[in-house]
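S.K.: As input, take coords.tsv (TSV, C-alpha atoms):
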```tsv
chain	number	residue	atom	x	y	z
A	256	MET	CA	-31.85	30.66	-4.03
A	257	LYS	CA	-32.18	31.32	-7.78
A	258	LYS	CA	-28.52	32.33	-7.85
A	259	ASN	CA	-27.50	29.00	-6.30
A	260	VAL	CA	-29.63	27.08	-8.80
A	261	ARG	CA	-28.06	28.96	-11.72
A	262	LEU	CA	-24.57	28.25	-10.34
A	263	LEU	CA	-25.32	24.55	-9.93
A	264	LEU	CA	-26.74	24.38	-13.47
A	265	ALA	CA	-23.64	26.12	-14.85
A	266	LEU	CA	-21.30	23.68	-13.11
A	267	THR	CA	-23.34	20.74	-14.37
A	268	LEU	CA	-23.24	22.00	-17.95
A	269	LEU	CA	-19.51	22.70	-17.64
A	270	THR	CA	-18.80	19.17	-16.43
A	271	SER	CA	-20.99	17.72	-19.19
A	272	PHE	CA	-19.09	19.78	-21.75
A	273	PHE	CA	-15.71	18.52	-20.54
A	274	TRP	CA	-16.78	14.92	-20.65
A	275	GLY	CA	-18.80	15.28	-23.82
A	276	CYS	CA	-15.84	16.57	-25.81
A	277	SER	CA	-13.75	13.51	-25.03
A	278	LYS	CA	-16.15	10.70	-24.14
A	279	ASP	CA	-15.31	8.69	-27.24
A	280	SER	CA	-11.53	8.57	-26.76
A	281	GLY	CA	-11.39	8.96	-22.99
A	282	LEU	CA	-8.75	11.70	-23.40
A	283	LEU	CA	-9.25	14.84	-21.34
A	284	ASP	CA	-7.99	18.38	-21.71
A	285	SER	CA	-6.29	20.18	-18.82
A	286	SER	CA	-9.50	21.62	-17.38
A	287	SER	CA	-11.42	18.37	-17.34
A	288	LEU	CA	-8.43	16.37	-16.03
A	289	LYS	CA	-8.07	18.82	-13.15
A	290	LEU	CA	-11.78	18.50	-12.46
A	291	VAL	CA	-11.56	14.71	-12.20
A	292	ILE	CA	-8.44	14.79	-10.00
A	293	ASN	CA	-9.87	17.43	-7.67
A	294	GLN	CA	-13.20	15.60	-7.35
A	295	SER	CA	-11.46	12.28	-6.59
A	296	ALA	CA	-9.32	13.99	-3.92
A	297	MET	CA	-12.38	15.68	-2.41
A	298	ASN	CA	-14.23	12.34	-2.23
A	299	LEU	CA	-11.25	10.76	-0.50
A	300	ASN	CA	-10.85	13.59	2.01
A	301	LYS	CA	-14.55	13.45	2.87
A	302	ALA	CA	-14.38	9.67	3.35
A	303	VAL	CA	-11.32	9.91	5.60
A	304	ASP	CA	-13.07	12.56	7.70
A	305	ASN	CA	-16.06	10.22	8.06
A	306	ILE	CA	-13.83	7.26	8.95
A	307	THR	CA	-11.81	9.08	11.60
A	308	SER	CA	-14.98	10.20	13.35
A	309	THR	CA	-16.15	6.60	13.95
A	310	GLN	CA	-15.77	4.52	17.09
A	311	ALA	CA	-14.31	1.73	14.95
A	312	TYR	CA	-11.42	4.03	13.95
A	313	SER	CA	-10.71	4.98	17.56
A	314	ILE	CA	-10.50	1.28	18.45
A	315	LEU	CA	-8.39	0.23	15.47
A	316	THR	CA	-5.80	2.94	16.10
A	317	VAL	CA	-5.26	2.17	19.79
A	318	SER	CA	-1.70	0.94	20.20
A	319	ASP	CA	0.09	-0.86	23.00
A	320	GLY	CA	3.22	-2.61	21.79
A	321	THR	CA	4.25	-3.94	25.20
A	322	LEU	CA	1.46	-6.50	25.32
A	323	LYS	CA	1.83	-7.63	21.75
A	324	SER	CA	5.60	-8.04	21.97
A	325	GLU	CA	5.23	-10.69	24.65
A	326	SER	CA	3.11	-13.00	22.50
A	327	ILE	CA	6.05	-15.19	21.43
A	328	ILE	CA	7.62	-16.79	24.50
A	329	ASP	CA	10.79	-18.51	23.17
A	330	SER	CA	12.21	-20.38	20.19
A	331	ALA	CA	10.75	-23.69	21.42
A	332	TYR	CA	7.20	-22.33	21.59
A	333	ARG	CA	4.60	-24.43	19.76
A	334	VAL	CA	0.83	-24.07	19.82
A	335	TYR	CA	-2.31	-25.02	17.94
A	336	ILE	CA	-5.49	-23.30	19.08
A	337	GLY	CA	-8.76	-23.66	17.19
A	338	LEU	CA	-12.06	-21.93	17.86
A	339	ASP	CA	-13.46	-25.14	19.38
A	340	LYS	CA	-10.95	-24.83	22.24
A	341	ILE	CA	-11.80	-21.24	23.17
A	342	ASN	CA	-15.47	-20.69	22.25
A	343	GLY	CA	-17.94	-19.33	24.77
A	344	VAL	CA	-18.85	-15.96	26.27
A	345	TYR	CA	-16.22	-14.24	28.41
A	346	GLU	CA	-17.13	-11.15	30.43
A	347	TYR	CA	-14.73	-8.78	32.11
A	348	LYS	CA	-14.96	-8.63	35.88
A	349	PRO	CA	-12.70	-6.39	37.94
A	350	VAL	CA	-10.50	-8.34	40.34
A	351	ASN	CA	-7.82	-7.10	42.69
A	352	ALA	CA	-5.19	-9.66	41.76
A	353	TRP	CA	-1.94	-9.96	39.87
A	354	ASP	CA	-0.54	-13.12	38.36
A	355	ARG	CA	2.92	-13.89	39.72
A	356	TRP	CA	4.18	-14.23	36.13
A	357	GLY	CA	2.58	-10.93	35.22
A	358	PHE	CA	0.80	-11.96	32.02
A	359	SER	CA	-2.41	-13.85	32.87
A	360	LEU	CA	-5.39	-12.05	31.39
A	361	ILE	CA	-8.09	-14.68	31.81
A	362	ARG	CA	-8.36	-14.05	35.55
A	363	TYR	CA	-9.96	-10.70	34.69
A	364	PHE	CA	-12.68	-12.48	32.72
A	365	LYS	CA	-15.41	-14.96	33.62
A	366	ARG	CA	-16.86	-17.52	31.24
A	367	THR	CA	-20.60	-16.86	31.55
A	368	ALA	CA	-22.20	-18.93	28.76
A	369	ASP	CA	-21.64	-21.48	26.01
A	370	ASN	CA	-21.54	-20.23	22.44
A	371	SER	CA	-20.30	-21.54	19.10
A	372	GLN	CA	-18.30	-18.29	18.78
A	373	MET	CA	-15.79	-16.73	21.14
A	374	ILE	CA	-17.41	-13.57	22.49
A	375	VAL	CA	-15.39	-11.24	24.70
A	376	LYS	CA	-17.24	-8.47	26.56
A	377	MET	CA	-15.42	-5.70	28.37
A	378	PRO	CA	-15.55	-1.95	29.08
A	379	LEU	CA	-14.75	0.23	26.11
A	380	LYS	CA	-12.61	2.32	28.45
A	381	LYS	CA	-10.31	-0.67	28.99
A	382	VAL	CA	-10.02	-1.22	25.24
A	383	LYS	CA	-8.98	2.39	24.67
A	384	ASN	CA	-6.57	2.34	27.63
A	385	PRO	CA	-4.81	-1.02	27.26
A	386	TRP	CA	-2.23	-0.30	29.94
A	387	SER	CA	-5.08	-0.42	32.49
A	388	LEU	CA	-6.43	-3.81	31.41
A	389	ARG	CA	-4.38	-5.83	33.90
A	390	HIS	CA	-4.47	-3.19	36.62
A	391	TYR	CA	-7.27	-3.09	39.15
A	392	SER	CA	-8.88	0.13	40.27
A	393	PRO	CA	-11.84	0.37	42.71
A	394	ALA	CA	-13.60	2.51	40.09
A	395	ASP	CA	-13.59	-0.48	37.70
A	396	SER	CA	-16.60	-1.95	39.49
A	397	ALA	CA	-18.72	0.89	38.05
A	398	LEU	CA	-17.71	0.16	34.45
A	399	THR	CA	-20.10	-1.61	32.10
A	400	ASN	CA	-19.09	-4.19	29.51
A	401	ASN	CA	-20.20	-2.07	26.56
A	402	PHE	CA	-17.61	-3.37	24.08
A	403	SER	CA	-17.66	-6.85	22.56
A	404	ILE	CA	-15.75	-8.75	19.92
A	405	ALA	CA	-17.46	-11.82	18.48
A	406	VAL	CA	-15.00	-14.24	16.87
A	407	SER	CA	-16.69	-16.51	14.32
A	408	ASP	CA	-13.54	-18.21	12.99
A	409	TYR	CA	-10.12	-18.61	14.59
A	410	TYR	CA	-7.01	-20.71	14.50
A	411	ASN	CA	-3.47	-20.15	15.67
A	412	ASN	CA	-1.02	-22.79	14.49
A	413	TYR	CA	2.47	-21.65	15.49
A	414	ASN	CA	5.59	-23.76	15.01
A	415	SER	CA	8.25	-21.10	14.60
A	416	TYR	CA	8.71	-17.56	13.32
A	417	TRP	CA	9.12	-19.04	9.84
A	418	ASP	CA	6.28	-21.56	10.03
A	419	TYR	CA	2.83	-20.56	11.23
A	420	GLU	CA	-0.80	-20.01	10.23
A	421	TYR	CA	-3.19	-17.56	11.80
A	422	LEU	CA	-6.84	-16.65	11.16
A	423	LEU	CA	-9.22	-14.29	12.92
A	424	ASP	CA	-12.68	-13.39	11.63
A	425	SER	CA	-14.66	-11.15	13.98
A	426	LYS	CA	-17.18	-8.39	14.49
A	427	ILE	CA	-16.99	-5.63	17.07
A	428	SER	CA	-19.93	-3.97	18.79
A	429	ILE	CA	-20.35	-0.99	21.10
A	430	ASP	CA	-23.47	-0.72	23.25
A	431	ASP	CA	-24.87	-3.74	21.36
A	432	VAL	CA	-24.58	-1.92	18.01
A	433	GLU	CA	-22.21	-3.33	15.39
A	434	ALA	CA	-19.35	-0.88	14.92
A	435	GLY	CA	-17.09	-2.75	12.50
A	436	SER	CA	-15.43	-6.02	11.66
A	437	LEU	CA	-11.89	-7.35	11.53
A	438	TYR	CA	-10.49	-10.13	9.34
A	439	MET	CA	-6.86	-11.23	9.59
A	440	LYS	CA	-5.13	-14.13	7.90
A	441	SER	CA	-1.44	-14.91	7.91
A	442	LEU	CA	0.52	-17.80	6.43
A	443	VAL	CA	4.28	-18.20	6.70
A	444	SER	CA	6.18	-21.25	5.53
A	445	PRO	CA	9.64	-22.06	4.15
A	446	GLU	CA	8.02	-23.39	0.96
A	447	ASN	CA	5.35	-20.76	0.32
A	448	GLY	CA	6.87	-17.58	1.74
A	449	ARG	CA	4.79	-14.96	3.56
A	450	HIS	CA	1.17	-14.09	2.87
A	451	TYR	CA	-0.77	-11.65	5.00
A	452	THR	CA	-4.23	-10.07	4.77
A	453	SER	CA	-5.78	-7.62	7.19
A	454	GLN	CA	-9.18	-6.04	6.53
A	455	TYR	CA	-11.14	-3.70	8.77
A	456	ALA	CA	-14.63	-2.34	8.16
A	457	PHE	CA	-15.87	1.00	9.45
A	458	ALA	CA	-19.33	2.49	9.66
A	459	GLY	CA	-20.79	3.94	6.48
A	460	GLY	CA	-19.61	1.14	4.19
A	461	TYR	CA	-15.90	2.02	4.30
A	462	THR	CA	-13.28	-0.73	4.38
A	463	ALA	CA	-9.49	-0.62	4.70
A	464	LYS	CA	-7.45	-3.58	3.48
A	465	TYR	CA	-3.77	-4.50	3.39
A	466	GLN	CA	-2.27	-7.49	1.57
A	467	PHE	CA	1.27	-8.78	1.30
A	468	ASN	CA	2.31	-11.74	-0.83
A	469	SER	CA	5.97	-12.66	-1.10
A	470	GLY	CA	7.96	-14.73	-3.56
A	471	ASP	CA	10.28	-14.04	-6.47
A	472	THR	CA	7.78	-11.26	-7.09
A	473	THR	CA	6.42	-9.58	-3.96
A	474	VAL	CA	3.24	-7.53	-4.02
A	475	TYR	CA	2.18	-5.06	-1.33
A	476	SER	CA	-1.25	-3.47	-1.60
A	477	PHE	CA	-3.30	-1.14	0.56
A	478	SER	CA	-6.73	0.31	-0.18
A	479	ILE	CA	-9.59	2.27	1.30
A	480	MET	CA	-12.91	1.36	-0.28
A	481	ASN	CA	-16.46	2.66	-0.19
A	482	GLY	CA	-18.41	-0.44	-1.09
A	483	SER	CA	-16.80	-1.67	-4.31
A	484	ASN	CA	-15.36	1.76	-5.20
A	485	THR	CA	-11.67	2.45	-4.56
A	486	LEU	CA	-11.19	5.82	-2.90
A	487	TYR	CA	-7.49	5.30	-2.28
A	488	GLY	CA	-5.11	2.53	-3.24
A	489	GLU	CA	-1.41	1.76	-3.46
A	490	THR	CA	0.11	-1.31	-5.05
A	491	ARG	CA	3.84	-1.93	-5.08
A	492	THR	CA	5.46	-4.83	-6.90
A	493	THR	CA	9.09	-5.74	-6.24
A	494	VAL	CA	11.47	-8.41	-7.53
A	495	LYS	CA	14.33	-9.92	-5.53
A	496	ASN	CA	16.82	-10.78	-8.26
A	497	ASP	CA	19.24	-8.10	-7.10
A	498	THR	CA	21.01	-6.92	-3.97
A	499	ALA	CA	18.35	-4.48	-2.73
A	500	ARG	CA	17.38	-5.28	0.85
A	501	PHE	CA	13.63	-5.20	0.25
A	502	GLY	CA	13.70	-6.00	-3.46
A	503	ARG	CA	13.76	-3.74	-6.45
A	504	GLU	CA	10.56	-1.93	-7.25
A	505	ARG	CA	9.16	-3.04	-10.60
A	506	GLN	CA	5.84	-1.20	-10.55
A	507	TYR	CA	4.06	1.29	-8.35
A	508	ILE	CA	0.38	2.25	-8.78
A	509	LEU	CA	-1.38	4.98	-6.83
A	510	THR	CA	-5.16	5.15	-7.19
A	511	ILE	CA	-7.34	8.03	-6.05
A	512	GLY	CA	-10.89	7.53	-7.22
A	513	ASN	CA	-10.94	7.46	-11.03
A	514	VAL	CA	-7.30	8.49	-11.30
A	515	GLN	CA	-4.27	6.21	-11.42
A	516	ILE	CA	-0.58	7.12	-11.31
A	517	ILE	CA	1.51	4.29	-12.76
A	518	ARG	CA	5.29	4.05	-12.53
A	519	THR	CA	7.01	1.12	-14.25
A	520	SER	CA	10.73	0.81	-13.62
A	521	ALA	CA	11.43	-1.30	-16.72
A	522	SER	CA	10.30	1.48	-19.06
A	523	HIS	CA	11.21	4.36	-16.70
A	524	LYS	CA	7.80	5.83	-17.44
A	525	VAL	CA	5.30	7.51	-15.13
A	526	GLN	CA	1.80	7.81	-16.54
A	527	ILE	CA	-1.53	9.14	-15.38
A	528	ALA	CA	-4.77	7.40	-16.38
A	529	VAL	CA	-8.44	8.23	-15.85
A	530	ASN	CA	-10.84	5.30	-15.88
A	531	GLY	CA	-8.06	3.21	-17.38
A	532	VAL	CA	-7.28	5.60	-20.24
A	533	VAL	CA	-3.74	7.03	-20.24
A	534	GLN	CA	-3.66	10.83	-20.50
A	535	PRO	CA	-0.55	11.59	-22.63
A	536	ASN	CA	-0.81	15.38	-22.38
A	537	ALA	CA	-0.07	15.41	-18.65
A	538	THR	CA	3.34	14.62	-17.20
A	539	VAL	CA	3.99	13.07	-13.80
A	540	LYS	CA	7.10	13.22	-11.64
A	541	VAL	CA	7.63	10.91	-8.65
A	542	VAL	CA	10.25	11.86	-6.05
A	543	ASP	CA	11.14	9.11	-3.58
A	544	ASN	CA	12.25	9.62	-0.02
A	545	GLU	CA	15.84	8.56	0.52
A	546	ASP	CA	14.87	6.30	3.44
A	547	GLU	CA	15.69	2.80	2.18
A	548	GLN	CA	14.18	1.24	5.30
A	549	GLU	CA	10.67	2.02	4.07
A	550	THR	CA	8.97	-1.28	3.21
A	551	SER	CA	5.31	-0.29	3.26
A	552	CYS	CA	3.09	0.78	0.41
A	553	ILE	CA	2.71	4.13	2.13
A	554	HIS	CA	5.93	5.62	0.82
A	555	LYS	CA	6.96	9.12	1.71
A	556	ARG	CA	7.08	10.09	-1.94
A	557	GLU	CA	5.94	13.24	-3.65
A	558	ILE	CA	3.95	13.00	-6.87
A	559	GLN	CA	3.63	16.11	-9.05
A	560	ILE	CA	1.29	16.35	-12.03
A	561	THR	CA	1.94	18.96	-14.71
A	562	PHE	CA	-0.99	19.63	-17.01
A	563	GLU	CA	-0.97	20.56	-20.68
A	564	ASP	CA	-1.58	24.23	-19.84
A	565	GLY	CA	1.62	24.34	-17.76
A	566	THR	CA	-0.02	24.41	-14.34
A	567	SER	CA	0.78	21.72	-11.78
A	568	ALA	CA	-0.54	20.08	-8.62
A	569	THR	CA	0.91	17.68	-6.05
A	570	ILE	CA	-0.91	14.74	-4.50
A	571	SER	CA	0.24	15.74	-1.01
A	572	ALA	CA	-1.43	19.14	-1.44
A	573	LEU	CA	-4.65	17.66	-2.84
A	574	ILE	CA	-5.08	15.22	0.08
A	575	ASP	CA	-3.08	17.15	2.66
A	576	ASN	CA	-5.54	16.66	5.52
A	577	SER	CA	-5.79	12.93	4.88
A	578	VAL	CA	-2.14	11.90	4.50
A	579	GLU	CA	-1.36	11.22	8.17
A	580	ASP	CA	-4.74	9.58	8.80
A	581	ILE	CA	-4.16	7.21	5.87
A	582	ARG	CA	-0.73	6.31	7.23
A	583	THR	CA	-2.24	5.72	10.67
A	584	ILE	CA	-4.84	3.35	9.22
A	585	PHE	CA	-2.10	1.52	7.31
A	586	ARG	CA	0.08	1.07	10.41
A	587	SER	CA	-2.90	0.02	12.51
A	588	LEU	CA	-3.80	-2.78	10.08
A	589	HIS	CA	-0.44	-4.31	11.01
A	590	GLN	CA	-0.74	-3.84	14.77
A	591	VAL	CA	-4.47	-4.45	15.49
A	592	TYR	CA	-3.62	-4.38	19.18
A	593	PHE	CA	-7.00	-5.50	20.53
A	594	ALA	CA	-6.87	-8.72	18.49
A	595	ALA	CA	-3.33	-9.67	19.50
A	596	SER	CA	-3.53	-8.41	23.07
A	597	ILE	CA	-7.07	-9.45	24.03
A	598	VAL	CA	-8.36	-12.30	21.87
A	599	ASP	CA	-4.99	-14.03	21.45
A	600	TRP	CA	-3.97	-13.65	25.07
A	601	ILE	CA	-7.26	-15.03	26.35
A	602	ALA	CA	-6.83	-17.90	23.89
A	603	TYR	CA	-3.31	-18.57	25.23
A	604	ASP	CA	-4.55	-18.47	28.84
A	605	ILE	CA	-7.36	-20.94	28.10
A	606	TYR	CA	-5.01	-23.22	26.17
A	607	TYR	CA	-2.44	-23.31	28.98
A	608	HIS	CA	-5.12	-23.41	31.75
A	609	ARG	CA	-3.83	-20.23	33.29
A	610	ASN	CA	-6.28	-18.67	35.73
```
Can the structure from this file be put into structure tokens for me?
M.R.:
Amino acid sequence: MKKNVRLLLALTLLTSFFWGCSKDSGLLDSSSLKLVINQSAMNLNKAVDNITSTQAYSILTVSDGTLKSESIIDSAYRVYIGLDKINGVYEYKPVNAWDRWGFSLIRYFKRTADNSQMIVKMPLKKVKNPWSLRHYSPADSALTNNFSIAVSDYYNNYNSYWDYEYLLDSKISIDDVEAGSLYMKSLVSPENGRHYTSQYAFAGGYTAKYQFNSGDTTVYSFSIMNGSNTLYGETRTTVKNDTARFGRERQYILTIGNVQIIRTSASHKVQIAVNGVVQPNATVKVVDNEDEQETSCIHKREIQITFEDGTSATISALIDNSVEDIRTIFRSLHQVYFAASIVDWIAYDIYYHRN
């Protein structure tokens, strides 16, 4: 016990020494810079482990593209659905029936009460196995509606693929305990371009958020937060005044805790900063994947940091266990299957009086 206390005291004094030597300028030597980078990576890895163990994560990452791909019927499709048209409580009830068109979902739900929100209750098993949602099994009668999504704000104003507005603000619960929340907003117009936000909250105060805003300058951003603290973030800014399919990258910023990697194409510089202070004694190399089809912030790029003492470290090695989980969260913020394939489809069925 005394040995552990002495070790903890030594580490505390060592950290204080590193920061104390450079607290006025914000510049760090190799040892203290490594300490900050390693601690930021450890905090991120711990947070990702916590996130992936939650029920909210298991729901967000469910994928079923076949349902979502059917949401746009044809080029003449027009719809405006507000929350006032779909509010109420809808509870799943197993029924041995199949719509002759093969896409009616509302017949598997019963409106059981009035409510200013739209509240959908269903078995969690059906949420996690979306292929079974429209298929009846005798065992379904034993399932309980232990999953719910409460929609407090909603509108779907669709005129064409290039002209629509969409909003969904909701909370999800499992066994009557809040498990997370989902906010999605999308605006597409010939005049204003494309703007998209998707934000999902997990247990423990963690939030993942993706934003895309297009124009002459297009900005993609993705972040994982713990409260107001950024654990992980990527921001990519592109300009379209050239022949590149997805625009030419002007700036790329990777944030891991207190550390930022900044690449600016105009100056051809890559810098590393800690708490906003550039560390000139460390060099950074960014190697891009040759895949030009990559449009997301989550690029398959390697970032290597070489410290003043000649040693080096790569970001992929520091957050190795978290890389694929972060990419999964990023992709899921675009798909959000249970919103598009449950809430939206029930809204369509109510709007078109399908039953």
S.K.: Which residue is closest to A:Ser425? Choose from A:Leu360, A:Ala594, A:Ile306, A:Val344 and count all atoms listed in the file.
M.R.: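 Once distances to A:Ser425 are computed over all atoms listed in the file, the minimum belongs to A:Ala594.
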S.K.: Which residues of stretch 492-598 of chain A come within 12 Å of stretch 443-464 of chain A, and for each one, what is the closest pair of atoms and their distance in Å to one decimal, counting only C-alpha atoms, sorted by chain and residue number, as CSV?
M.R.:
```
residue,atom,partner,partner_atom,distance
A:Cys552,CA,A:Lys464,CA,11.8
A:Asp580,CA,A:Ala463,CA,12.0
A:Ile581,CA,A:Ala463,CA,9.5
A:Arg582,CA,A:Ala463,CA,11.5
A:Thr583,CA,A:Ala463,CA,11.3
A:Ile584,CA,A:Ala463,CA,7.6
A:Phe585,CA,A:Ala463,CA,8.1
A:Arg586,CA,A:Ser453,CA,11.0
A:Ser587,CA,A:Ser453,CA,9.7
A:Leu588,CA,A:Ser453,CA,6.0
A:His589,CA,A:Ser453,CA,7.4
A:Gln590,CA,A:Ser453,CA,9.9
A:Val591,CA,A:Ser453,CA,9.0
A:Ala594,CA,A:Ser453,CA,11.4
```
S.K.: What is the atom CA of A:Arg333-atom CA of A:Tyr419 distance in Å, reported with one decimal?
M.R.: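 Interatomic distance, atom CA of A:Arg333 to atom CA of A:Tyr419: 9.5 Å.
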S.K.: Please indicate the distance in Å from atom CA of A:Tyr363 to atom CA of A:Arg609, rounded to one decimal place.
M.R.: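 Interatomic distance here is 11.4 Å.
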S.K.: Which residue gives the smallest distance to A:Ile597 among A:Phe467, A:Trp386, A:Tyr487, A:Tyr438, with only C-alpha atoms counted?
M.R.: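 Under the stated criterion, the closest residue is A:Trp386.
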S.K.: Would you mind telling me which residue in A:Asp395, A:Asp369, A:Asp543, A:Glu579 lies nearest to A:Asn300 when using all atoms listed in the file?
M.R.: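 Looking only at the distances to A:Asn300, the closest residue turns out to be A:Glu579.
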S.K.: At a cut-off of 7 Å, using only C-alpha atoms, what residues contact A:Val334? Leave out same-chain residues fewer than 3 positions from it and give the result as number ranges by chain.
M.R.: A: 412-414
S.K.: Give me, please, the distance in Å between atom CA of A:Gly470 and atom CA of A:Thr492, quoted to one decimal.
M.R.: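 So the two atoms, atom CA of A:Gly470 and atom CA of A:Thr492, lie 10.7 Å apart.
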S.K.: Which residue out of A:Val350, A:Val529, A:Leu437, A:Ala602 has the minimum interatomic distance to A:Met373 when all atoms listed in the file are used?
M.R.: A:Ala602
S.K.: Could you check which of A:Asp471, A:Pro378, A:Ser428, A:Gly512 is closest to A:Val291, using only C-alpha atoms?
M.R.: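 Smallest separation from A:Val291 among the options: A:Gly512.
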S.K.: Could you give me, as a ChimeraX atom specification, the residues that sit within 12 Å of (-2.8, 22.0, -13.1) in the file's coordinates, counting all atoms listed in the file?
M.R.: /A:284-293,536-539,559-570,573
S.K.: Tell me, as a list in words, which residues lie within 8 Å of A:Lys426, counting all atoms listed in the file; anything in the same chain fewer than 6 positions away does not count.
M.R.: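 Contacts, in chain order: Ile404, Ala405, Val406, Glu433, Ala434, Gly435, Ser436 and Leu437 of chain A.
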S.K.: With C-alpha atoms retained, write the just-selected residues as an mmCIF file, in the frame of the given file.
M.R.:
```
data_model
loop_
_atom_site.group_PDB
_atom_site.id
_atom_site.type_symbol
_atom_site.label_atom_id
_atom_site.label_comp_id
_atom_site.auth_asym_id
_atom_site.auth_seq_id
_atom_site.Cartn_x
_atom_site.Cartn_y
_atom_site.Cartn_z
ATOM 1 C CA ILE A 404 -15.750 -8.750 19.920
ATOM 2 C CA ALA A 405 -17.460 -11.820 18.480
ATOM 3 C CA VAL A 406 -15.000 -14.240 16.870
ATOM 4 C CA GLU A 433 -22.210 -3.330 15.390
ATOM 5 C CA ALA A 434 -19.350 -0.880 14.920
ATOM 6 C CA GLY A 435 -17.090 -2.750 12.500
ATOM 7 C CA SER A 436 -15.430 -6.020 11.660
ATOM 8 C CA LEU A 437 -11.890 -7.350 11.530
#
```
S.K.: Select, counting all atoms listed in the file, all protein, DNA and RNA residues no farther than 10 Å from (6.3, 10.1, -6.1) in file coordinates, and express the selection as a list in words.
M.R.: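 In the file's frame, the residues around the point are Tyr507, Leu509, Ile516, Arg518, Val525, Val539, Lys540, Val541, Val542, Asp543, Asn544, His554, Lys555, Arg556, Glu557, Ile558, Gln559, Ile560, Thr569, Ile570 and Ser571 of chain A.
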S.K.: Skipping near chain neighbours, those fewer than 6 positions away, what residues fall within 12 Å of A:Asn370 using all atoms listed in the file, listed as a PyMOL selection string?
M.R.: chain A and resi 338-345+405-407
